>>> print(open('my_file_20.txt').read())   # compact mmCIF, C-alpha atoms
# COMPACT_ATOMS: atom_id res chain seq x y z
CA THR D 1 74.74 67.97 91.09
CA THR D 2 76.90 69.56 88.44
CA PRO D 3 78.87 67.10 86.34
CA THR D 4 82.64 67.56 86.30
CA PRO D 5 83.46 69.91 83.41
CA GLN D 6 85.36 68.46 80.49
CA PRO D 7 87.56 70.48 78.10
CA GLY D 8 85.35 72.22 75.55
CA ASP D 9 82.30 72.38 77.86
CA LEU D 10 80.36 75.61 78.28
CA ILE D 11 80.12 76.88 81.85
CA GLU D 12 77.11 78.96 82.89
CA ILE D 13 77.74 81.08 86.00
CA PHE D 14 74.70 82.50 87.74
CA ARG D 15 75.26 86.10 88.82
CA GLY D 16 71.77 86.81 90.17
CA THR D 17 70.09 88.87 87.45
CA TYR D 18 72.14 87.47 84.56
CA GLN D 19 74.51 84.65 83.62
CA HIS D 20 78.19 84.89 82.75
CA TRP D 21 79.52 82.27 80.32
CA ALA D 22 82.93 80.66 79.99
CA LEU D 23 84.61 77.77 78.18
CA TYR D 24 86.25 75.07 80.29
CA VAL D 25 89.77 74.34 79.02
CA GLY D 26 90.87 71.78 81.63
CA GLU D 27 92.82 71.56 84.90
CA GLY D 28 90.39 73.93 86.65
CA TYR D 29 90.72 76.77 84.12
CA ILE D 30 88.30 78.63 81.88
CA VAL D 31 88.64 81.01 78.95
CA HIS D 32 86.08 83.79 78.78
CA LEU D 33 85.35 87.17 77.27
CA CYS D 34 85.96 89.35 80.26
CA PRO D 35 84.79 92.95 80.49
CA PRO D 36 86.91 94.80 83.06
CA THR D 37 84.17 94.55 85.68
CA GLU D 38 83.70 90.75 85.27
CA ALA D 39 87.22 89.87 86.43
CA ALA D 40 87.84 87.65 89.43
CA GLY D 41 86.71 89.38 92.59
CA ALA D 42 84.52 91.91 90.74
CA GLY D 43 81.57 91.15 93.00
CA ALA D 44 78.62 93.54 92.63
CA TYR D 45 80.45 95.53 89.96
CA SER D 46 80.10 92.65 87.48
CA LEU D 47 76.59 93.80 86.52
CA VAL D 48 78.16 97.01 85.19
CA SER D 49 79.94 94.88 82.56
CA VAL D 50 76.94 95.29 80.24
CA LEU D 51 77.89 98.95 79.93
CA CYS D 52 81.48 98.43 78.76
CA ASP D 53 82.24 98.37 75.04
CA THR D 54 85.35 96.19 75.06
CA ALA D 55 86.42 93.01 76.78
CA VAL D 56 89.58 90.90 76.91
CA VAL D 57 89.82 87.15 76.32
CA THR D 58 91.34 85.76 79.50
CA LYS D 59 92.23 82.40 81.04
CA GLU D 60 91.45 82.22 84.74
CA SER D 61 90.63 79.76 87.47
CA LEU D 62 87.02 78.55 87.35
CA GLU D 63 86.91 78.62 91.14
CA GLU D 64 88.06 82.26 91.29
CA ILE D 65 85.61 83.46 88.66
CA VAL D 66 82.65 81.58 90.14
CA GLY D 67 83.44 82.78 93.67
CA LYS D 68 80.34 82.36 95.83
CA ASP D 69 78.02 82.08 92.82
CA ARG D 70 76.57 78.86 91.40
CA PHE D 71 77.63 77.34 88.06
CA LEU D 72 76.78 74.41 85.85
CA VAL D 73 78.01 72.70 82.73
CA ASN D 74 75.54 73.78 80.05
CA ASN D 75 76.26 72.77 76.47
CA LEU D 76 72.95 74.38 75.63
CA LEU D 77 73.03 74.11 71.85
CA ASP D 78 74.30 70.53 71.44
CA GLY D 79 70.85 69.48 70.21
CA LYS D 80 70.76 72.32 67.67
CA HIS D 81 74.37 72.46 66.43
CA LYS D 82 77.10 69.84 66.25
CA PRO D 83 79.96 70.78 68.57
CA ARG D 84 83.33 71.32 66.93
CA SER D 85 86.18 68.98 67.90
CA VAL D 86 87.66 69.62 71.34
CA TYR D 87 91.05 70.09 69.67
CA ASP D 88 89.69 72.90 67.44
CA ILE D 89 87.76 74.52 70.30
CA LEU D 90 90.81 74.64 72.59
CA ARG D 91 93.19 75.70 69.80
CA ASP D 92 90.95 78.63 68.88
CA ALA D 93 90.39 79.60 72.53
CA ARG D 94 94.17 79.66 73.15
CA SER D 95 94.80 81.69 70.01
CA LEU D 96 92.48 84.45 71.26
CA LEU D 97 94.01 84.84 74.74
CA GLY D 98 94.87 88.45 75.51
CA LEU D 99 92.89 89.82 72.58
CA GLU D 100 90.77 92.88 73.29
CA MET D 101 87.44 92.50 71.48
CA PRO D 102 84.33 94.63 71.03
CA TYR D 103 81.71 93.83 73.67
CA CYS D 104 78.00 94.35 73.18
CA ILE D 105 75.32 92.79 75.37
CA LEU D 106 73.05 92.29 72.33
CA ARG D 107 75.51 91.19 69.62
CA GLY D 108 78.82 90.18 71.17
CA ASN D 109 78.63 89.12 74.80
CA CYS D 110 80.34 86.31 76.72
CA GLU D 111 77.65 83.79 75.68
CA HIS D 112 78.09 84.67 71.97
CA PHE D 113 81.85 84.22 72.47
CA VAL D 114 81.75 80.71 73.96
CA THR D 115 79.03 79.40 71.64
CA GLU D 116 81.11 80.63 68.68
CA LEU D 117 84.05 78.62 70.02
CA ARG D 118 82.05 75.44 70.69
CA TYR D 119 79.68 75.44 67.71
CA GLY D 120 81.22 77.83 65.18
CA LYS D 121 78.13 80.01 65.56
CA GLY D 122 77.69 82.69 68.20
CA GLU D 123 74.27 82.72 69.85
CA SER D 124 72.95 84.17 73.08
CA ARG D 125 69.90 82.66 74.70
CA GLN D 126 69.83 85.52 77.21
CA VAL D 127 69.34 88.03 74.40
CA CYS D 128 66.55 85.86 72.92
CA VAL D 129 64.84 85.77 76.33
CA TYR D 130 64.90 89.57 76.51
CA TYR D 131 63.23 89.75 73.10
CA ALA D 132 60.67 87.09 74.07
CA LEU D 133 59.75 89.00 77.20
CA GLY D 134 58.96 91.99 75.04
CA VAL D 135 61.66 94.19 76.44
CA GLY D 136 61.97 97.08 74.02
CA VAL D 137 65.52 96.98 72.73
CA ARG D 138 65.33 100.66 71.86
CA ALA D 139 64.30 101.55 75.42
CA VAL D 140 67.03 99.33 76.83
CA ALA D 141 69.59 100.88 74.48
CA ILE D 142 68.59 104.41 75.48
CA GLY D 143 68.82 103.52 79.16
CA MET D 144 72.13 101.74 78.65
CA LYS D 145 73.51 104.70 76.71
CA ALA D 146 72.69 107.02 79.59
CA LEU D 147 74.20 104.62 82.12
CA ASN D 148 77.21 104.06 79.87
CA ALA D 149 78.19 107.71 80.10
CA ALA D 150 78.15 107.43 83.88
CA SER D 151 79.95 104.09 83.99
CA ASN D 152 82.73 104.75 81.48
CA ILE D 153 84.76 106.14 84.34
CA SER D 154 84.40 102.81 86.18
CA CYS D 155 85.41 100.79 83.09
CA VAL D 156 88.41 103.03 82.40
CA LYS D 157 89.56 102.88 86.04
CA SER D 158 89.21 99.10 86.03
CA LYS D 159 91.20 98.86 82.78
CA GLN D 160 93.90 101.13 84.23
CA LYS D 161 94.17 98.92 87.32
CA ARG D 162 94.53 95.83 85.12
CA ILE D 163 97.25 97.50 83.04
CA LEU D 164 99.14 98.55 86.17
CA LEU D 165 99.02 94.99 87.52
>>> encode(input="my_file_20.txt", output="structure tokens")
Amino acid sequence: TTPTPQPGDLIEIFRGTYQHWALYVGEGYIVHLCPPTEAAGAGAYSLVSVLCDTAVVTKESLEEIVGKDRFLVNNLLDGKHKPRSVYDILRDARSLLGLEMPYCILRGNCEHFVTELRYGKGESRQVCVYYALGVGVRAVAIGMKALNAASNISCVKSKQKRILL
């Protein structure tokens, strides 16, 4: 069973082929780096988020973002890095709300974002796993570049919808 999240905890959300990461801020809410296609109700389109180049820091309901997926509290680097104080973590998370930030699956994804908040150092285990499996980053980048051209329309439309709301 998943322990009840506490403010400052990292939340790992299992999306099938990848994990989305968020920071629990209390009272059922999370802060996360949210590409347009990772918003609540994104469903199958959330996988396309790897092709977007910007994301917005948002505060949303954990329940809405998880949807039908599975999640767990996973403070994965507590044994490697000392967590910052909960006060500092939450203060910094709040100060970033609404900020549009660069998004890169290899250097600045949602996992980098939340580990930077909790530990003061952004790391992504998912990216390390890809390297360990011998996935050629160059080949992935070429494929992603080709898909990016096709998906930019989706990201722009999603961003336009969000602006209109």
>>> residues_around(input="my_file_20.txt", residues="Asn109 of chain D", least_positions_apart="6", cutoff="12 Å", atoms="all atoms listed in the file", output="VMD selection string")
chain D and resid 18 to 22 32 to 35 38 49 to 57 101 to 103 115 to 116 122 to 127
>>> atom_distance(input="my_file_20.txt", atom1="atom CA of Phe14 of chain D", atom2="atom CA of Val31 of chain D")
16.5 Å
>>> atom_distance(input="my_file_20.txt", atom1="atom CA of Cys110 of chain D", atom2="atom CA of Val25 of chain D")
15.4 Å
>>> closest_residue(input="my_file_20.txt", among="D:Leu117, D:Gly28, D:Leu23, D:Pro5", to="Lys82 of chain D", atoms="only C-alpha atoms")
D:Leu117
>>> closest_residue(input="my_file_20.txt", among="D:Asp69, D:Asp9, D:Asp92, D:Glu60", to="Ile30 of chain D", atoms="all atoms listed in the file")
D:Glu60
>>> residues_near_point(input="my_file_20.txt", point="(88.9, 78.3, 89.2)", cutoff="10 Å", atoms="all atoms listed in the file", output="list in words")
Tyr24, Glu27, Gly28, Tyr29, Ile30, Ala40, Lys59, Glu60, Ser61, Leu62, Glu63, Glu64, Ile65, Val66 and Gly67 of chain D
>>> decode(input="my_file_20.txt", residues="segment 77-111 of chain D", atoms="N, CA and C atoms", output="PDB file, in the first residue's frame")
ATOM      1  N   LEU D  77      15.881   9.616  -3.796  1.00  0.00           N
ATOM      2  CA  LEU D  77      17.278   9.976  -3.573  1.00  0.00           C
ATOM      3  C   LEU D  77      17.594  10.323  -2.116  1.00  0.00           C
ATOM      4  N   ASP D  78      16.679   9.997  -1.194  1.00  0.00           N
ATOM      5  CA  ASP D  78      16.921  10.322   0.216  1.00  0.00           C
ATOM      6  C   ASP D  78      18.198   9.678   0.744  1.00  0.00           C
ATOM      7  N   GLY D  79      18.560   8.510   0.239  1.00  0.00           N
ATOM      8  CA  GLY D  79      19.784   7.850   0.678  1.00  0.00           C
ATOM      9  C   GLY D  79      21.045   8.443   0.070  1.00  0.00           C
ATOM     10  N   LYS D  80      20.873   9.206  -1.010  1.00  0.00           N
ATOM     11  CA  LYS D  80      22.015   9.792  -1.730  1.00  0.00           C
ATOM     12  C   LYS D  80      22.216  11.270  -1.381  1.00  0.00           C
ATOM     13  N   HIS D  81      21.107  11.992  -1.229  1.00  0.00           N
ATOM     14  CA  HIS D  81      21.150  13.429  -0.932  1.00  0.00           C
ATOM     15  C   HIS D  81      20.256  13.731   0.256  1.00  0.00           C
ATOM     16  N   LYS D  82      20.667  14.675   1.069  1.00  0.00           N
ATOM     17  CA  LYS D  82      19.835  15.097   2.199  1.00  0.00           C
ATOM     18  C   LYS D  82      18.706  15.990   1.674  1.00  0.00           C
ATOM     19  N   PRO D  83      17.459  15.646   1.998  1.00  0.00           N
ATOM     20  CA  PRO D  83      16.354  16.500   1.563  1.00  0.00           C
ATOM     21  C   PRO D  83      16.448  17.888   2.207  1.00  0.00           C
ATOM     22  N   ARG D  84      16.044  18.883   1.459  1.00  0.00           N
ATOM     23  CA  ARG D  84      15.970  20.242   1.990  1.00  0.00           C
ATOM     24  C   ARG D  84      14.811  20.298   2.990  1.00  0.00           C
ATOM     25  N   SER D  85      14.714  21.366   3.749  1.00  0.00           N
ATOM     26  CA  SER D  85      13.613  21.495   4.709  1.00  0.00           C
ATOM     27  C   SER D  85      12.290  21.600   3.949  1.00  0.00           C
ATOM     28  N   VAL D  86      11.236  21.064   4.542  1.00  0.00           N
ATOM     29  CA  VAL D  86       9.916  21.119   3.922  1.00  0.00           C
ATOM     30  C   VAL D  86       9.530  22.576   3.664  1.00  0.00           C
ATOM     31  N   TYR D  87       9.853  23.454   4.592  1.00  0.00           N
ATOM     32  CA  TYR D  87       9.549  24.874   4.413  1.00  0.00           C
ATOM     33  C   TYR D  87      10.185  25.404   3.127  1.00  0.00           C
ATOM     34  N   ASP D  88      11.472  25.118   2.917  1.00  0.00           N
ATOM     35  CA  ASP D  88      12.178  25.603   1.727  1.00  0.00           C
ATOM     36  C   ASP D  88      11.628  24.969   0.447  1.00  0.00           C
ATOM     37  N   ILE D  89      11.338  23.671   0.509  1.00  0.00           N
ATOM     38  CA  ILE D  89      10.790  22.971  -0.657  1.00  0.00           C
ATOM     39  C   ILE D  89       9.477  23.612  -1.089  1.00  0.00           C
ATOM     40  N   LEU D  90       8.556  23.796  -0.137  1.00  0.00           N
ATOM     41  CA  LEU D  90       7.236  24.341  -0.458  1.00  0.00           C
ATOM     42  C   LEU D  90       7.310  25.804  -0.871  1.00  0.00           C
ATOM     43  N   ARG D  91       8.174  26.568  -0.210  1.00  0.00           N
ATOM     44  CA  ARG D  91       8.349  27.984  -0.582  1.00  0.00           C
ATOM     45  C   ARG D  91       8.807  28.097  -2.033  1.00  0.00           C
ATOM     46  N   ASP D  92       9.811  27.297  -2.400  1.00  0.00           N
ATOM     47  CA  ASP D  92      10.338  27.365  -3.759  1.00  0.00           C
ATOM     48  C   ASP D  92       9.326  26.853  -4.780  1.00  0.00           C
ATOM     49  N   ALA D  93       8.583  25.811  -4.419  1.00  0.00           N
ATOM     50  CA  ALA D  93       7.552  25.287  -5.328  1.00  0.00           C
ATOM     51  C   ALA D  93       6.490  26.353  -5.585  1.00  0.00           C
ATOM     52  N   ARG D  94       6.035  27.024  -4.528  1.00  0.00           N
ATOM     53  CA  ARG D  94       5.021  28.084  -4.679  1.00  0.00           C
ATOM     54  C   ARG D  94       5.546  29.244  -5.520  1.00  0.00           C
ATOM     55  N   SER D  95       6.817  29.580  -5.341  1.00  0.00           N
ATOM     56  CA  SER D  95       7.373  30.726  -6.069  1.00  0.00           C
ATOM     57  C   SER D  95       7.472  30.475  -7.575  1.00  0.00           C
ATOM     58  N   LEU D  96       7.444  29.215  -7.985  1.00  0.00           N
ATOM     59  CA  LEU D  96       7.567  28.873  -9.401  1.00  0.00           C
ATOM     60  C   LEU D  96       6.219  28.691 -10.103  1.00  0.00           C
ATOM     61  N   LEU D  97       5.121  28.691  -9.354  1.00  0.00           N
ATOM     62  CA  LEU D  97       3.804  28.460  -9.949  1.00  0.00           C
ATOM     63  C   LEU D  97       3.531  29.433 -11.091  1.00  0.00           C
ATOM     64  N   GLY D  98       3.069  28.881 -12.204  1.00  0.00           N
ATOM     65  CA  GLY D  98       2.731  29.686 -13.371  1.00  0.00           C
ATOM     66  C   GLY D  98       3.891  29.970 -14.300  1.00  0.00           C
ATOM     67  N   LEU D  99       5.091  29.634 -13.887  1.00  0.00           N
ATOM     68  CA  LEU D  99       6.280  29.900 -14.701  1.00  0.00           C
ATOM     69  C   LEU D  99       6.368  28.910 -15.855  1.00  0.00           C
ATOM     70  N   GLU D 100       6.574  29.433 -17.056  1.00  0.00           N
ATOM     71  CA  GLU D 100       6.825  28.573 -18.206  1.00  0.00           C
ATOM     72  C   GLU D 100       8.329  28.320 -18.260  1.00  0.00           C
ATOM     73  N   MET D 101       8.705  27.041 -18.325  1.00  0.00           N
ATOM     74  CA  MET D 101      10.115  26.666 -18.282  1.00  0.00           C
ATOM     75  C   MET D 101      10.465  25.804 -19.487  1.00  0.00           C
ATOM     76  N   PRO D 102      11.748  25.804 -19.866  1.00  0.00           N
ATOM     77  CA  PRO D 102      12.166  24.883 -20.928  1.00  0.00           C
ATOM     78  C   PRO D 102      11.934  23.448 -20.471  1.00  0.00           C
ATOM     79  N   TYR D 103      11.555  22.579 -21.397  1.00  0.00           N
ATOM     80  CA  TYR D 103      11.309  21.177 -21.080  1.00  0.00           C
ATOM     81  C   TYR D 103      12.109  20.323 -22.042  1.00  0.00           C
ATOM     82  N   CYS D 104      12.900  19.421 -21.485  1.00  0.00           N
ATOM     83  CA  CYS D 104      13.700  18.507 -22.297  1.00  0.00           C
ATOM     84  C   CYS D 104      13.715  17.167 -21.571  1.00  0.00           C
ATOM     85  N   ILE D 105      13.328  16.121 -22.273  1.00  0.00           N
ATOM     86  CA  ILE D 105      13.241  14.794 -21.658  1.00  0.00           C
ATOM     87  C   ILE D 105      14.587  14.356 -21.077  1.00  0.00           C
ATOM     88  N   LEU D 106      15.702  14.797 -21.674  1.00  0.00           N
ATOM     89  CA  LEU D 106      17.020  14.352 -21.224  1.00  0.00           C
ATOM     90  C   LEU D 106      17.650  15.251 -20.164  1.00  0.00           C
ATOM     91  N   ARG D 107      17.323  16.562 -20.162  1.00  0.00           N
ATOM     92  CA  ARG D 107      18.008  17.486 -19.260  1.00  0.00           C
ATOM     93  C   ARG D 107      17.094  18.305 -18.356  1.00  0.00           C
ATOM     94  N   GLY D 108      15.814  18.322 -18.612  1.00  0.00           N
ATOM     95  CA  GLY D 108      14.926  19.157 -17.809  1.00  0.00           C
ATOM     96  C   GLY D 108      13.501  18.660 -17.843  1.00  0.00           C
ATOM     97  N   ASN D 109      13.291  17.461 -17.334  1.00  0.00           N
ATOM     98  CA  ASN D 109      11.945  16.877 -17.336  1.00  0.00           C
ATOM     99  C   ASN D 109      11.297  17.026 -15.959  1.00  0.00           C
ATOM    100  N   CYS D 110      10.124  16.446 -15.790  1.00  0.00           N
ATOM    101  CA  CYS D 110       9.388  16.586 -14.528  1.00  0.00           C
ATOM    102  C   CYS D 110      10.137  15.964 -13.346  1.00  0.00           C
ATOM    103  N   GLU D 111      10.898  14.899 -13.593  1.00  0.00           N
ATOM    104  CA  GLU D 111      11.668  14.276 -12.513  1.00  0.00           C
ATOM    105  C   GLU D 111      12.827  15.177 -12.091  1.00  0.00           C
TER     106      GLU D 111
END
